[in-house]
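Chemist: The structure is given below, and queries will be raised subsequently.
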Amino acid sequence: PRGTMVPPMAIRRVLAIGVTCLAVCDTLASGGKSVGAPRARRVRVKNGARDRPYDPSKPLRVMSWNVQYCAGTSRHFFYDGGQAVRVPRREVRENVRKIADVIAEAQPDVVLLQEVDRRSLRTGFVDEHRALRRLLPEHTSHASCAYWRVPWVPHPRHEHVGLINMHLTVLSRFSITGASRTQLPLLQESWIRRKFNLRRAVLSVDLACEDGGLLRMLNTHLSAFSRGDGTLDRQVGVIRAMVDSIDADAACKGWLLAGDCNALPPGVPPEKHLSPDEAALYAEQVSPIQPLYETTSPVLPLRALQDQTMAPMWFTYKPFQNTAGDRTIDHAFTSATVRTLDAKVVQTPGWPSDHLPVLFELQPEA
């Protein structure tokens, strides 16, 4: 009867309590430890019937892009100070099409994407990884791994995120011989918050080369909102250990690391061009990614990033209230055995994401 129906708000509260109880039980069963040592876990790879190895004598064209779960930029989301949480399914599909159009026009050989929702409640249960594959038929090799997967996120209070399944995605024209996921250190917060928060990671994929070697692509998205608690330093430490291990692998011709690092370039004080509230997001005295700029080969030109006149052409992110980008937080690095032939930030009409894609051409040494 209508009078005995349970209100939707009550249902959400019951679900939230149930998921919390499961999180508690899971933590107790593991001895109260919610964070384990970083380790690589195999990830499923799919290749097309006509996939071919990469010819390392030719340049490799790569795009890296945080697509903001194909939600678009017309809504002010809760994590940026607004109220929006979910996006209608029709709108998500339209944003997927816009993002696919940008990728198709740039013609990259390999695409590294961050924030790709796969059947999440907030994006109408659209599998964005699969939808992009269908719109980009030349990229027949692919892999993805989750870094925010929770049965129900009971936040924010006015409208829950609910079921979430957000991935790192790699799409490639060339054969992928293997892939793995490496867990990165988590934010310094309570264990219960960790149960519902993102679990940042690195997705590594190996491109097969015609000469029998391989080229490793590392796709990542480092922590936001750490506010100088040391999390980014620890995450960069794990990544440095990973690339040192790759450098020691004789079968590997080289590597590329790219993604949303949530960090400003070294030597770029946040207070120079950001509001006090925005500058507080980058509280570290030294940029956490400075060790990568010092010990690897940066794809983006550091001197240009530090120059107030040239820096705007390299801005990759804009907050909701802005009409243009105001900072560079997306970066890319290579091993010493890989040269950067060209690099640029692609301007996207209408900003289908709050980030702009970075496009670059690489050439492994013979």
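Scheme for the structure tokens: letters A, B, ... for chains in order shown; per-chain residue numbers from 1; ligand numbers from 1 in order shown.
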Using DSSP secondary structure from the backbone, list all helix (DSSP H, G or I) positions within segment 52-273 of chain A, as a ChimeraX atom specification.
Modeler: /A:68-70,78-80,89-106,121-123,128-135,191-196,231-247,270-272
Chemist: Contacts between segment 177-193 of chain A and segment 104-148 of chain A, please, where a residue of segment 104-148 of chain A counts if it comes within 12 Å (with only C-alpha atoms); show its shortest atom pair and distance in Å to one decimal, rows by chain and ascending number, as a tab-separated table.
Modeler:
residue	atom	partner	partner_atom	distance
A:Ser141	CA	A:Thr177	CA	9.6
A:His142	CA	A:Ala179	CA	9.6
A:Ala143	CA	A:Ala179	CA	7.2
A:Ser144	CA	A:Ala179	CA	8.8
A:Cys145	CA	A:Arg181	CA	6.7
A:Ala146	CA	A:Arg181	CA	8.7
A:Tyr147	CA	A:Gln183	CA	8.6
A:Trp148	CA	A:Gln183	CA	11.6
Chemist: Residues of the last selection are to be written out with C-alpha atoms, as a short mmCIF file (atom, residue, chain, number, x, y, z; two decimals), in the first residue's frame.
Modeler:
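And here's again-v3.cif as it stands now:
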data_model
loop_
_atom_site.label_atom_id
_atom_site.label_comp_id
_atom_site.auth_asym_id
_atom_site.auth_seq_id
_atom_site.Cartn_x
_atom_site.Cartn_y
_atom_site.Cartn_z
CA SER A 141 43.88 -2.94 -28.92
CA HIS A 142 42.82 -1.81 -25.48
CA ALA A 143 43.06 -2.26 -21.72
CA SER A 144 41.63 -0.56 -18.65
CA CYS A 145 41.83 -0.81 -14.87
CA ALA A 146 39.72 0.64 -12.07
CA TYR A 147 40.99 3.18 -9.58
CA TRP A 148 37.66 4.15 -8.03
#
Chemist: Which residues, written as a list in words, have at least one atom at most 7 Å from segment 320-332 of chain A, with only C-alpha atoms counted and residues fewer than 2 positions away on the same chain left out?
Modeler: His76, Leu257, Ala258, Gly259, Asp260, Cys261, Asn262, Ala263, Leu264, Pro298, Val299, Leu300, Pro312, Trp314, Phe315, Thr316, Tyr317 and Lys318 of chain A
Chemist: For His158 of chain A, which residue among A:Gly82, A:Val92, A:Arg119, A:Val102 is the nearest when counting only C-alpha atoms?
Modeler: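 Under the stated criterion, the closest residue is A:Gly82.
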Chemist: Would you mind listing, for every residue of segment 193-238 of chain A within 10 Å of segment 242-256 of chain A, the two atoms forming the shortest contact and the distance between them in Å to one decimal, using only C-alpha atoms, sorted by chain and ascending residue number, as a tab-separated table?
Modeler:
residue	atom	partner	partner_atom	distance
A:Val202	CA	A:Met242	CA	9.7
A:Ser204	CA	A:Leu256	CA	9.6
A:Val205	CA	A:Trp255	CA	9.9
A:Asp206	CA	A:Cys252	CA	8.8
A:Leu207	CA	A:Cys252	CA	9.7
A:Ala208	CA	A:Cys252	CA	9.9
A:Cys209	CA	A:Lys253	CA	8.9
A:Gly212	CA	A:Ala251	CA	8.2
A:Gly213	CA	A:Ala251	CA	5.4
A:Leu214	CA	A:Cys252	CA	5.0
A:Leu215	CA	A:Gly254	CA	5.5
A:Arg216	CA	A:Trp255	CA	4.6
A:Met217	CA	A:Leu256	CA	5.0
A:Leu218	CA	A:Leu256	CA	5.9
A:Asn219	CA	A:Leu256	CA	8.4
A:Val236	CA	A:Met242	CA	9.7
A:Gly237	CA	A:Met242	CA	8.7
A:Val238	CA	A:Met242	CA	6.3
